Amino acid sequence: MKPAPFVRHVPKTLDEAVRILGEVAPQDGRVLAGGQSLVPIMAFRLAKPAHLVDINEVAGLDRIDNDGKMLAIGACVRHAAFHKPAVDNPLGRLLSVVARHIAHYPIRMRGTFCGSLAHADPSSEWCLTAATLDAVMVAKSARGERLIDAKDFFQGIMSTALAEDELLAQVRLPLLAPGAKFGFNEFSRRAGDFAMSAALVTWRMQDGKMREVRVGVGGAEPFPRRIAAAEAALEGQPPGDTAFRAAAEIAASAVDAMEDHQTSADYRRDLVRAVVQRALEMSAL
Amino acid sequence: MTSPAKFIGRSVPRLEDRPLLTGQGRFAADIDFPGQWIMRVVRSPVAHGEIKSIDTREALKLPGVHTAWTAADIAHIPPIGFRLTGLKQLEAYRQPVLAQRYVRYVGEPVAVVFADNQYVAEDAADLVEVSIEPREPTLHASADLGVFDHELTSEAGVVEKAYGDVDAAFAAAHAVVALDLSIGRHTGVPLETRGAIARYDAERDVLEMHGAAKVPHWNRDTLAQMLDRATESVQLYEGHVGGGFGIRGELYPEDVLVCAAALAFKRPIKWIEDRREHLIAANHSRQQHHRIRAAIDAQGHILAIDNEFFHDNGAYMRTHAATVPDLAAAMLPGPYRVPAYRAKGHIRLTNKTPCGTYRAPGRYESTFVRERLIDAIADKVGVDKVEIRRRNLLPKNALPYALGLDTLGTHIVYDSGDYTLLLDKALSAASWDELQSDLKKRRAAGELVGAGIAMFVEKSGLGPFDTVRVEIKPDGAIEVVTGVASIGQGVETAIAQICADTLGVDYKTIAVTHGQTDRIARGMGAFASRVTVMCGEATRLAATKLRKEVLRAAAELMQTGVEALDIVDGEIVRTGGPGPSMPLAELARALPHALSAEDTFESSHMVYPYGVHIAVVRVDAETSGIAIERYMMAYDIGKAVNPKLVEGQIAGGFAQGVGGALYEEFLYDDSGEPLSVTFADYLMPTAREIPETSIILSEDAPSPLNPLGLKGAGEGGVNPVGAAIASAIDDALQRPGAVTQLPVTPQRLKRLLAGRRQSSTT
Ligand SMILES: Cc1cc2nc3c(=O)[nH]c(=O)nc-3n(C[C@H](O)[C@H](O)[C@H](O)COP(=O)(O)OP(=O)(O)OC[C@H]3O[C@@H](n4cnc5c(N)ncnc54)[C@H](O)[C@@H]3O)c2cc1C
């Protein structure tokens with residue numbers, strides 16, 4: 001279980017990194033971040049990149065910045081950076097709740113937030129977070145920089161809008177309103193496994209009613225997304241079992257659930273119903 | 001043993017732990033020899049097909065690659081023979097060391113390359129071009145017969161066992177209960193994958209293989225035969241072993257290949273299996289499909305059992321030959337009175353990884369089947385699960401009980417036991433009645449919770465013999481040399497405890513040597529929960545002899561009578577009161593190399609521990625998830641040499657039982673492509689999935705077949721777990737007989753839940 005031969009490049013600056021990536025991308029060059037997804041598939045020789053641009057020594061990429069509106073997460077920020085709230089805002093708590101569902105402790109010490117998004121596993125908790133909160137991705141290449149909205153970023157199972165010479169330098173997450181509520185739930189057969197379905201919800205209470213409701217579902221379709229019909233059903237309703245059940249039912253029927261040899265589409269829809277309901281219940285606690 | 005036991009029966013700390021906990025362990029991958037070549041196996045990517053060509057030319061061009069072999073290069077090496085239950089008719093189905101004309105499972109070795117290091121070896125293996133013309137794969141053991149080759153079908157053999165008049169019993173029965181049940185394909189997955197390092201020492205003309213485990217002597221003898229060498233010119237060495245579970249340490253093609261290559265190329269050859277290889281190349285186990293019927297009277301007493309089953313052995317018959325189906329058939333009756341019995345097991349080959357034994361082989365399967373049957377009988381006659389068992393259990397005075405069946409070359413005679421007593425102990429420990437009313441309340445409040453129970457008889461202490469030599473060295477060190485093996489179960493500690501009490505020394509002063517074929521001429525190894533029973537008693541015999549020898553020699557030197565002396569804490573002392581004593585070490589110095597004794601324990605019968613498991617589970621109706629809330633295990637093993645070690649065996653076995661009940665399953669697609677090739681797809685339960693358990697060790701029924709009363713403890717933790725959990729799930733769903741298939745995955749549970757909804761509306 002050893003990878004095929006490759007050349008490892010270790011740039012020290014972001015400019016150098018994107019310059020090298022630009023050069024090697026056409027010869028199957030790839031970014032190496034935490035390596036927690038890439039290295040296993042290289043060990044299985046399912047991927048045989050000829051070049052790796054290792055960004056772990058690029059200065060400044062491990063920063064989390066907060067400008068009062070957005071949390072900006074650099075390309076080398078690890079999952080574990082969110083174990084404790086990274087910002088004094090409901091978003092900080094949200095991220096710390098979600099982070100604990102990602103894999104296991106040693107993997108969280110190494111794997112990166114941006115790497116998860118670039119890898120775009122349908123079940124990734126961070127992809128779900130980015131989709132639900134309408135994150136903005138900062139893609140950088142030798143050609144320049146562009147911003148990509150979450151809804152355009154995810155394109156399929158492990159497929160994103162990033163061009164092969166683009167590095168995901170930063171992800172920007174909008175801060176939540178003070179007092180905003182959130183709930184998260186996922187189902188997997190064992191603790192730490194990729195979720196078979198996951199849901200993240202946020203809203204804020206105004207006059208006893210739910211406002212700015214967001215309902216995101218991951219793990220059920222090729223990539224996570226907001227379920228507009230479920231959000232609409234909740235918007236302006238008082239939080240409670242009736243509203244939650246109705247929204248969960250809508251979410252379950254709205255998803256075009258993936259199937260695999262262990263999981264029928266029907267069963268996955270059951271799971272979507274359960275995780276949405278439970279995420280909503282958690283949000284109302 | 002003259003003085004009361006100081007060590008036997010106490011949970012003294014393990015002697016094995018120091019090197020393991022201080023990073024001094026030496027596992028197969030830790031062994032390197034200068035100038036070694038790395039071997040990489042090229043495996044079939046096709047489940048069934050005819051090899052058209054194998055082209056190694058590109059691979060051989062790669063710098064660092066030395067050579068490559070295909071079947072033609074080792075045509076002189078025969079297939080690996082059978083170690084147990086080797087019926088002659090099965091021989092045609094043995095696995096060639098490298099595939100010859102046909103490939104029969106994905107993962108079958110078709111070629112090997114030898115290179116400087118692992119990286120180059122894998123690069124080279126990728127470049128070997130294997131062209132295979134696919135044939136239709138056979139994937140289901142109970143479906144129509146497939147083909148093995150142009151002459152043989154996929155039914156390699158049939159195991160038949162019977163006693164009593166089954167047909168008459170069915171004809172006279174009040175009712176018949178029939179079930180169709182299946183157990184999923186899974187296996188032991190040791191933390192340490194397999195590995196073998198062979199080296200030829202030309203000077204001594206000795207072929208060494210390191211990385212041996214489980215059965216070093218049998219493997220040595222077999223390798224010597226296969227490679228046409230004198231037995232003593234092949235030596236096997238066991239290092240630390242990271243788990244065995246029945247699968248690791250059997251003789252596999254890769255072991256033969258490294259040895260043959262070390263001889264051919266006069267180079268050390270190292271092969272370490274990777275995890276993907278492990279999951280497709282090392283023995284699978286367990287997959288069976290049973291169609292069982294019971295004839296019962298109006299009270300639910302069993303009159304007869306008739307069982308036909310299909311054992312999916314994968315592509316070939318490996319070293320265990322018919323062992324697993326044989327044990328399944330022989331042990332199925334369990335602790336109950338079954339007046340007439342018939343079992344017919346079809347050994348079927350499929351285009352999947354070949355099978356062997358896995359901890360509680362045949363019994364995890366047949367206990368699931370039998371206990372499902374007992375639950376179904378309870379439902380049929382309308383009594384509860386406990387009462388139906390009481391009605392059918394063999395009473396204490398029926399033991400010893402000759403079942404009337406044979407397995408592993410022995411007659412099955414339950415040597416001792418009080419099954420009802422252990423059932424009572426387990427029920428009271430679980431507060432069964434309160435538990436029932438509590439669960440009832442919770443179910444009334446909408447929860448899906450339930451309790452299950454399963455009983456079983458295990459077997460252990462398989463002979464035919466074990467030999468032990470105990471020596472006191474000139475420096476006073478005490479060594480026990482045995483031909484058993486350690487797969488991590490605490491052999492050194494338990495054997496040292498027995499030796500210590502017999503001899504009169506501290507167990508910590510004893511070193512136990514095992515698994516080294518050059519240290520003792522013969523040995524049976526570690527399987528079938530045999531080591532503590534067989535090697536333990538051989539140790540007691542040899543140490544008794546040595547003690548006599550020590551006292552005789554000391555009496556002479558100390559000028560007194562033998563009866564006036566005793567050995568206490570390693571000192572030869574006078575029993576009559578004060579007077580000069582002599583440390584054992586001093587005697588050993590005075591008589592260098594004289595203090596050694598060897599003895600053999602022979603046994604033609606196994607000894608039979610027995611147990612009760614109780615499970616409480618909660619089913620999540622919305623996600624079809626299952627949580628085990630509580631789990632209780634009661635096990636009678638006659639005499640626990642070291643209770644802590646026994647509990648460790650039971651707790652570890654339980655985790656594996658949960659794996660087979662809820663998580664672990666080797667799946668294949670329709671073309672025979674394995675789908676469970678990593679730990680992301682083959683789900684082993686982790687500490688997070690395993691609940692706390694409680695264990696009751698009982699010693700009510702010491703074995704009459706050895707003086708210490710020992711029975712083996714290795715398999716009672718795993719044996720009935722599938723059965724107990726299935727019973728608990730039925731109860732949670734309030735649908736007797738709902739679970740017919742293991743593992744109960746969420747997807748399967750969803751179907752059961754759907755059935756529950758339907759039946760509650762109809
Ligand atoms: C046992 C196990 C369990 C796991 N369970 C979970 C889980 O439950 N949930 C979950 O979300 N994840 C899980 N993971 C995956 C883990 O979270 C990874 O860390 C993550 O998916 C990828 O991040 P990384 O930094 O390790 O990326 P890498 O493995 O280094 O890279 C992954 C891919 O993304 C590309 N890439 C990485 N960073 C960038 C970048 N900045 N710009 C452009 N491309 C980039 C790489 O080229 C590569 O193709 C698990 C992993 C393991 C081994």
# chains A, B, ... in the order shown; residues from 1 in each chain; ligands from 1
call {"tool": "residues_around", "arguments": {"residues": "B:Val112", "least_positions_apart": "3", "cutoff": "7 Å", "atoms": "only C-alpha atoms", "output": "list in words"}}
result
Met39, Arg40, Val41, Val42, Ala68, Trp69 and Thr70 of chain B
call {"tool": "write_last_selection", "arguments": {"atoms": "C-alpha atoms", "output": "PDB file, in the first residue's frame"}}
result
ATOM      1  CA  MET B  39       7.989  -9.770  -2.368  1.00  0.00           C
ATOM      2  CA  ARG B  40       4.795  -8.304  -3.780  1.00  0.00           C
ATOM      3  CA  VAL B  41       1.920 -10.490  -4.886  1.00  0.00           C
ATOM      4  CA  VAL B  42       0.107  -9.764  -8.128  1.00  0.00           C
ATOM      5  CA  ALA B  68       9.228 -12.452 -10.978  1.00  0.00           C
ATOM      6  CA  TRP B  69       7.462 -15.799 -10.743  1.00  0.00           C
ATOM      7  CA  THR B  70       4.317 -17.250 -12.199  1.00  0.00           C
TER       8      THR B  70
END
call {"tool": "residues_near_ligand", "arguments": {"ligand": "ligand 1", "cutoff": "8 Å", "atoms": "only C-alpha atoms and all ligand atoms", "output": "PyMOL selection string"}}
result
(chain A and resi 30-40+52+55+75-76+78-79+101-104+107-108+110-121+123-127+139+162+166-170+192-195) or (chain B and resi 680)
call {"tool": "residues_around", "arguments": {"residues": "B:Gln89", "least_positions_apart": "4", "cutoff": "12 Å", "atoms": "only C-alpha atoms", "output": "PyMOL selection string"}}
result
chain B and resi 82+85+93-94+152+155-159+317+321-322+347
call {"tool": "write_last_selection", "arguments": {"atoms": "N, CA and C atoms", "output": "mmCIF file, in the first residue's frame"}}
result
data_model
loop_
_atom_site.group_PDB
_atom_site.id
_atom_site.type_symbol
_atom_site.label_atom_id
_atom_site.label_comp_id
_atom_site.auth_asym_id
_atom_site.auth_seq_id
_atom_site.Cartn_x
_atom_site.Cartn_y
_atom_site.Cartn_z
ATOM 1 N N PHE B 82 -4.215 -30.232 4.095
ATOM 2 C CA PHE B 82 -5.207 -29.964 5.138
ATOM 3 C C PHE B 82 -4.626 -30.249 6.517
ATOM 4 N N THR B 85 -9.682 -32.005 9.702
ATOM 5 C CA THR B 85 -10.900 -32.456 9.019
ATOM 6 C C THR B 85 -10.679 -32.589 7.511
ATOM 7 N N TYR B 93 -9.818 -29.746 -4.473
ATOM 8 C CA TYR B 93 -10.211 -28.335 -4.393
ATOM 9 C C TYR B 93 -9.186 -27.486 -3.648
ATOM 10 N N ARG B 94 -7.991 -28.037 -3.424
ATOM 11 C CA ARG B 94 -6.978 -27.243 -2.718
ATOM 12 C C ARG B 94 -6.475 -26.099 -3.598
ATOM 13 N N LEU B 152 -15.315 -30.882 -12.128
ATOM 14 C CA LEU B 152 -15.867 -30.802 -10.768
ATOM 15 C C LEU B 152 -16.898 -29.687 -10.639
ATOM 16 N N GLU B 155 -19.866 -28.120 -5.525
ATOM 17 C CA GLU B 155 -20.100 -28.780 -4.229
ATOM 18 C C GLU B 155 -18.912 -29.689 -3.937
ATOM 19 N N ALA B 156 -18.056 -29.219 -3.032
ATOM 20 C CA ALA B 156 -16.822 -29.967 -2.769
ATOM 21 C C ALA B 156 -17.095 -31.197 -1.921
ATOM 22 N N GLY B 157 -18.104 -31.143 -1.104
ATOM 23 C CA GLY B 157 -18.393 -32.280 -0.234
ATOM 24 C C GLY B 157 -19.637 -32.019 0.576
ATOM 25 N N VAL B 158 -20.040 -33.045 1.304
ATOM 26 C CA VAL B 158 -21.217 -32.923 2.158
ATOM 27 C C VAL B 158 -20.856 -33.486 3.527
ATOM 28 N N VAL B 159 -21.164 -32.720 4.547
ATOM 29 C CA VAL B 159 -20.956 -33.195 5.924
ATOM 30 C C VAL B 159 -22.289 -33.734 6.414
ATOM 31 N N MET B 317 -10.539 -25.060 -0.911
ATOM 32 C CA MET B 317 -10.457 -25.653 0.419
ATOM 33 C C MET B 317 -9.047 -25.380 0.925
ATOM 34 N N ALA B 321 -9.971 -27.350 5.683
ATOM 35 C CA ALA B 321 -10.821 -28.294 4.965
ATOM 36 C C ALA B 321 -12.268 -28.174 5.467
ATOM 37 N N ALA B 322 -12.826 -29.282 5.976
ATOM 38 C CA ALA B 322 -14.254 -29.281 6.337
ATOM 39 C C ALA B 322 -14.508 -28.855 7.779
ATOM 40 N N ILE B 347 -20.854 -28.368 1.463
ATOM 41 C CA ILE B 347 -19.683 -27.499 1.380
ATOM 42 C C ILE B 347 -19.612 -26.988 -0.051
#
call {"tool": "residues_around", "arguments": {"residues": "B:Val739", "least_positions_apart": "5", "cutoff": "10 Å", "atoms": "only C-alpha atoms", "output": "PyMOL selection string"}}
result
chain B and resi 181-182+372+723+725-730+733+744+748-749+752
call {"tool": "interface_residues", "arguments": {"of": "chain A", "to": "chain B", "cutoff": "8 Å", "atoms": "only C-alpha atoms", "output": "MDAnalysis selection string"}}
result
chainID A and resid 1:4 187 189:191 193 262:264 267 270:271 274
call {"tool": "closest_residue", "arguments": {"among": "B:Lys639, B:Lys711, B:His210, B:Lys425", "to": "B:Met534", "atoms": "only C-alpha atoms"}}
result
B:Lys711
call {"tool": "select_by_dssp", "arguments": {"residues": "stretch 213-325 of chain B", "states": "alpha helix (DSSP H)", "output": "ChimeraX atom specification"}}
result
/B:216-226,253-265,275-281,323-325
call {"tool": "closest_residue", "arguments": {"among": "B:Glu479, B:Glu254, B:Glu50, B:Asp221", "to": "B:Ala500", "atoms": "only C-alpha atoms"}}
result
B:Glu479
call {"tool": "residues_around", "arguments": {"residues": "stretch 151-157 of chain A", "least_positions_apart": "4", "cutoff": "8 Å", "atoms": "only C-alpha atoms", "output": "list of chain:residue names"}}
result
A:Ala120, A:Asp121, A:Pro122, A:Ala131, A:Asp134, A:Met137, A:Ala161, A:Leu162, A:Pro222, A:Phe223, A:Pro224, A:Arg225
call {"tool": "write_last_selection", "arguments": {"atoms": "N, CA, C and O atoms", "output": "compact mmCIF listing (two decimals), in the first residue's frame"}}
result
# COMPACT_ATOMS: atom_id res chain seq x y z
N ALA A 120 -14.59 17.69 -1.52
CA ALA A 120 -16.02 17.67 -1.82
C ALA A 120 -16.66 16.29 -1.72
O ALA A 120 -17.42 15.87 -2.59
N ASP A 121 -16.38 15.61 -0.63
CA ASP A 121 -17.11 14.38 -0.36
C ASP A 121 -18.57 14.75 -0.07
O ASP A 121 -18.82 15.71 0.66
N PRO A 122 -19.52 14.01 -0.63
CA PRO A 122 -20.93 14.38 -0.43
C PRO A 122 -21.32 14.46 1.05
O PRO A 122 -22.24 15.17 1.41
N ALA A 131 -22.37 25.05 2.41
CA ALA A 131 -23.57 25.17 1.57
C ALA A 131 -24.70 25.83 2.35
O ALA A 131 -25.41 26.70 1.83
N ASP A 134 -24.01 29.58 2.97
CA ASP A 134 -23.63 30.36 1.78
C ASP A 134 -22.23 30.95 1.92
O ASP A 134 -22.03 32.17 1.86
N MET A 137 -15.94 31.12 -1.53
CA MET A 137 -14.63 30.51 -1.67
C MET A 137 -13.70 31.46 -2.41
O MET A 137 -14.09 32.05 -3.42
N ALA A 161 -16.06 23.61 -8.62
CA ALA A 161 -15.81 24.60 -9.67
C ALA A 161 -14.34 25.01 -9.76
O ALA A 161 -13.95 25.80 -10.61
N LEU A 162 -13.49 24.48 -8.85
CA LEU A 162 -12.07 24.84 -8.90
C LEU A 162 -11.45 24.32 -10.20
O LEU A 162 -11.66 23.16 -10.56
N PRO A 222 -25.43 14.10 -4.35
CA PRO A 222 -24.00 14.19 -4.71
C PRO A 222 -23.27 15.33 -4.00
O PRO A 222 -22.08 15.26 -3.79
N PHE A 223 -23.97 16.38 -3.65
CA PHE A 223 -23.34 17.43 -2.84
C PHE A 223 -24.42 18.07 -1.97
O PHE A 223 -25.60 18.00 -2.27
N PRO A 224 -23.98 18.69 -0.86
CA PRO A 224 -24.96 19.25 0.07
C PRO A 224 -25.60 20.50 -0.52
O PRO A 224 -25.01 21.20 -1.34
N ARG A 225 -26.81 20.77 -0.09
CA ARG A 225 -27.47 22.01 -0.54
C ARG A 225 -28.55 22.40 0.45
O ARG A 225 -28.97 21.59 1.29
call {"tool": "closest_residue", "arguments": {"among": "B:His289, B:Arg229, B:Arg574, B:Lys266", "to": "B:Met558", "atoms": "only C-alpha atoms"}}
result
B:Arg574
call {"tool": "residues_around", "arguments": {"residues": "stretch 523-529 of chain B", "least_positions_apart": "5", "cutoff": "9 Å", "atoms": "only C-alpha atoms", "output": "number ranges by chain"}}
result
B: 213-218, 245-246, 359-361, 459-468, 482-487, 514-515, 517, 711-715
call {"tool": "atom_distance", "arguments": {"atom1": "atom CA of B:Phe456", "atom2": "atom CA of B:Tyr414"}}
result
11.8 Å
call {"tool": "select_by_dssp", "arguments": {"residues": "stretch 117-208 of chain A", "states": "strand (DSSP E or B)", "output": "ChimeraX atom specification"}}
result
/A:136-141,144-149,154-156,159-160,167-174,181-187,197-206
call {"tool": "write_last_selection", "arguments": {"atoms": "N, CA and C atoms", "output": "compact mmCIF listing (two decimals), in the first residue's frame"}}
result
# COMPACT_ATOMS: atom_id res chain seq x y z
N VAL A 136 -18.34 31.78 0.90
CA VAL A 136 -17.72 32.27 -0.34
C VAL A 136 -16.30 31.72 -0.39
N MET A 137 -15.94 31.12 -1.53
CA MET A 137 -14.63 30.51 -1.67
C MET A 137 -13.70 31.46 -2.41
N VAL A 138 -12.50 31.53 -1.91
CA VAL A 138 -11.49 32.36 -2.58
C VAL A 138 -10.54 31.43 -3.33
N ALA A 139 -10.66 31.45 -4.66
CA ALA A 139 -9.82 30.57 -5.48
C ALA A 139 -8.69 31.39 -6.07
N LYS A 140 -7.48 30.87 -5.90
CA LYS A 140 -6.33 31.64 -6.37
C LYS A 140 -5.51 30.80 -7.34
N SER A 141 -5.06 31.46 -8.40
CA SER A 141 -4.15 30.78 -9.33
C SER A 141 -3.15 31.80 -9.82
N GLY A 144 -4.72 34.75 -11.25
CA GLY A 144 -5.40 35.76 -10.44
C GLY A 144 -6.28 35.11 -9.40
N GLU A 145 -7.23 35.92 -8.89
CA GLU A 145 -8.07 35.43 -7.80
C GLU A 145 -9.52 35.60 -8.19
N ARG A 146 -10.39 34.65 -7.81
CA ARG A 146 -11.82 34.85 -8.02
C ARG A 146 -12.60 34.32 -6.83
N LEU A 147 -13.80 34.86 -6.67
CA LEU A 147 -14.67 34.42 -5.58
C LEU A 147 -15.75 33.51 -6.15
N ILE A 148 -16.02 32.41 -5.46
CA ILE A 148 -17.04 31.48 -5.93
C ILE A 148 -18.05 31.27 -4.81
N ASP A 149 -19.34 31.43 -5.12
CA ASP A 149 -20.38 31.18 -4.12
C ASP A 149 -20.56 29.68 -3.92
N PHE A 154 -20.01 23.61 -5.49
CA PHE A 154 -20.16 22.15 -5.52
C PHE A 154 -20.85 21.75 -6.80
N GLN A 155 -20.27 20.75 -7.48
CA GLN A 155 -20.84 20.40 -8.78
C GLN A 155 -21.19 18.93 -8.93
N GLY A 156 -20.69 18.09 -8.04
CA GLY A 156 -21.00 16.66 -8.13
C GLY A 156 -20.22 15.94 -7.06
N SER A 159 -16.57 16.77 -6.92
CA SER A 159 -16.27 17.63 -8.05
C SER A 159 -16.71 19.06 -7.73
N THR A 160 -15.81 20.01 -7.99
CA THR A 160 -16.08 21.41 -7.63
C THR A 160 -15.78 22.32 -8.81
N LEU A 167 -5.98 27.13 -6.42
CA LEU A 167 -5.84 26.72 -5.03
C LEU A 167 -6.96 27.40 -4.23
N LEU A 168 -7.62 26.62 -3.40
CA LEU A 168 -8.63 27.21 -2.52
C LEU A 168 -7.88 27.84 -1.36
N ALA A 169 -7.68 29.17 -1.46
CA ALA A 169 -6.81 29.84 -0.50
C ALA A 169 -7.53 30.16 0.80
N GLN A 170 -8.85 30.33 0.69
CA GLN A 170 -9.60 30.78 1.85
C GLN A 170 -11.08 30.48 1.65
N VAL A 171 -11.75 30.22 2.77
CA VAL A 171 -13.21 30.11 2.74
C VAL A 171 -13.76 31.16 3.69
N ARG A 172 -14.77 31.90 3.24
CA ARG A 172 -15.36 32.95 4.09
C ARG A 172 -16.77 32.53 4.49
N LEU A 173 -16.97 32.49 5.81
CA LEU A 173 -18.28 32.13 6.34
C LEU A 173 -18.91 33.35 6.99
N PRO A 174 -20.15 33.71 6.61
CA PRO A 174 -20.79 34.86 7.26
C PRO A 174 -21.07 34.58 8.73
N LYS A 181 -30.03 30.70 16.34
CA LYS A 181 -30.14 29.31 16.78
C LYS A 181 -29.58 28.39 15.70
N PHE A 182 -29.01 27.30 16.14
CA PHE A 182 -28.58 26.32 15.13
C PHE A 182 -28.77 24.91 15.68
N GLY A 183 -28.84 23.97 14.78
CA GLY A 183 -28.92 22.55 15.18
C GLY A 183 -28.25 21.70 14.13
N PHE A 184 -27.63 20.64 14.59
CA PHE A 184 -26.92 19.75 13.65
C PHE A 184 -27.22 18.31 14.06
N ASN A 185 -27.39 17.45 13.07
CA ASN A 185 -27.52 16.03 13.38
C ASN A 185 -27.05 15.21 12.19
N GLU A 186 -26.44 14.07 12.49
CA GLU A 186 -26.06 13.19 11.40
C GLU A 186 -26.23 11.75 11.83
N PHE A 187 -26.32 10.87 10.85
CA PHE A 187 -26.40 9.44 11.15
C PHE A 187 -25.30 8.72 10.40
N SER A 197 -26.34 10.58 6.22
CA SER A 197 -27.14 11.78 6.01
C SER A 197 -26.84 12.73 7.16
N ALA A 198 -26.86 14.02 6.84
CA ALA A 198 -26.59 15.01 7.89
C ALA A 198 -27.42 16.25 7.59
N ALA A 199 -27.77 16.95 8.65
CA ALA A 199 -28.54 18.19 8.45
C ALA A 199 -28.00 19.27 9.37
N LEU A 200 -27.98 20.47 8.83
CA LEU A 200 -27.60 21.65 9.61
C LEU A 200 -28.70 22.68 9.41
N VAL A 201 -29.19 23.26 10.51
CA VAL A 201 -30.22 24.29 10.39
C VAL A 201 -29.80 25.51 11.21
N THR A 202 -30.18 26.69 10.73
CA THR A 202 -30.00 27.91 11.53
C THR A 202 -31.24 28.79 11.33
N TRP A 203 -31.54 29.56 12.29
CA TRP A 203 -32.62 30.56 12.22
C TRP A 203 -32.47 31.52 13.38
N ARG A 204 -33.25 32.60 13.33
CA ARG A 204 -33.30 33.45 14.52
C ARG A 204 -34.75 33.70 14.85
N MET A 205 -34.97 33.95 16.13
CA MET A 205 -36.34 34.10 16.62
C MET A 205 -36.72 35.57 16.58
N GLN A 206 -37.89 35.82 15.98
CA GLN A 206 -38.40 37.19 16.04
C GLN A 206 -39.89 37.11 16.37
call {"tool": "residues_around", "arguments": {"residues": "B:Leu303", "least_positions_apart": "3", "cutoff": "9 Å", "atoms": "only C-alpha atoms", "output": "list in words"}}
result
Val166, Ala169, Phe170, Ala172, Ala173, Ala294, Ala295, Ile296, Asp297, Gly300, Arg337, Val338, Pro339, Ala340 and Tyr341 of chain B
call {"tool": "write_last_selection", "arguments": {"atoms": "N, CA and C atoms", "output": "mmCIF file, in the first residue's frame"}}
result
data_model
loop_
_atom_site.group_PDB
_atom_site.id
_atom_site.type_symbol
_atom_site.label_atom_id
_atom_site.label_comp_id
_atom_site.auth_asym_id
_atom_site.auth_seq_id
_atom_site.Cartn_x
_atom_site.Cartn_y
_atom_site.Cartn_z
ATOM 1 N N VAL B 166 -35.027 -39.622 13.254
ATOM 2 C CA VAL B 166 -35.547 -38.285 12.983
ATOM 3 C C VAL B 166 -36.907 -38.348 12.297
ATOM 4 N N ALA B 169 -39.706 -39.215 14.581
ATOM 5 C CA ALA B 169 -40.019 -38.108 15.491
ATOM 6 C C ALA B 169 -40.871 -37.054 14.796
ATOM 7 N N PHE B 170 -40.528 -36.745 13.554
ATOM 8 C CA PHE B 170 -41.330 -35.754 12.825
ATOM 9 C C PHE B 170 -42.731 -36.274 12.558
ATOM 10 N N ALA B 172 -44.410 -38.196 14.375
ATOM 11 C CA ALA B 172 -45.209 -38.242 15.601
ATOM 12 C C ALA B 172 -45.354 -36.876 16.263
ATOM 13 N N ALA B 173 -44.796 -35.846 15.635
ATOM 14 C CA ALA B 173 -44.702 -34.554 16.320
ATOM 15 C C ALA B 173 -46.059 -33.879 16.505
ATOM 16 N N ALA B 294 -37.660 -28.241 13.516
ATOM 17 C CA ALA B 294 -37.714 -28.985 14.774
ATOM 18 C C ALA B 294 -39.075 -29.644 14.906
ATOM 19 N N ALA B 295 -39.064 -30.869 15.357
ATOM 20 C CA ALA B 295 -40.315 -31.548 15.719
ATOM 21 C C ALA B 295 -40.477 -31.361 17.225
ATOM 22 N N ILE B 296 -41.648 -30.910 17.647
ATOM 23 C CA ILE B 296 -41.842 -30.651 19.081
ATOM 24 C C ILE B 296 -43.129 -31.295 19.582
ATOM 25 N N ASP B 297 -43.206 -31.451 20.904
ATOM 26 C CA ASP B 297 -44.466 -31.913 21.486
ATOM 27 C C ASP B 297 -45.271 -30.693 21.939
ATOM 28 N N GLY B 300 -43.572 -28.041 23.931
ATOM 29 C CA GLY B 300 -42.395 -27.405 23.364
ATOM 30 C C GLY B 300 -41.110 -28.180 23.598
ATOM 31 N N ARG B 337 -31.644 -31.173 25.300
ATOM 32 C CA ARG B 337 -31.863 -32.575 24.975
ATOM 33 C C ARG B 337 -32.532 -32.635 23.605
ATOM 34 N N VAL B 338 -31.837 -33.241 22.675
ATOM 35 C CA VAL B 338 -32.365 -33.392 21.314
ATOM 36 C C VAL B 338 -32.362 -34.886 21.028
ATOM 37 N N PRO B 339 -33.497 -35.550 21.172
ATOM 38 C CA PRO B 339 -33.516 -37.014 21.099
ATOM 39 C C PRO B 339 -33.096 -37.571 19.727
ATOM 40 N N ALA B 340 -33.405 -36.859 18.690
ATOM 41 C CA ALA B 340 -32.998 -37.341 17.366
ATOM 42 C C ALA B 340 -32.503 -36.151 16.562
ATOM 43 N N TYR B 341 -31.481 -36.376 15.756
ATOM 44 C CA TYR B 341 -30.824 -35.230 15.114
ATOM 45 C C TYR B 341 -30.254 -35.642 13.770
#
call {"tool": "atom_distance", "arguments": {"atom1": "atom CA of B:Val46", "atom2": "atom CA of B:Cys355"}}
result
18.1 Å
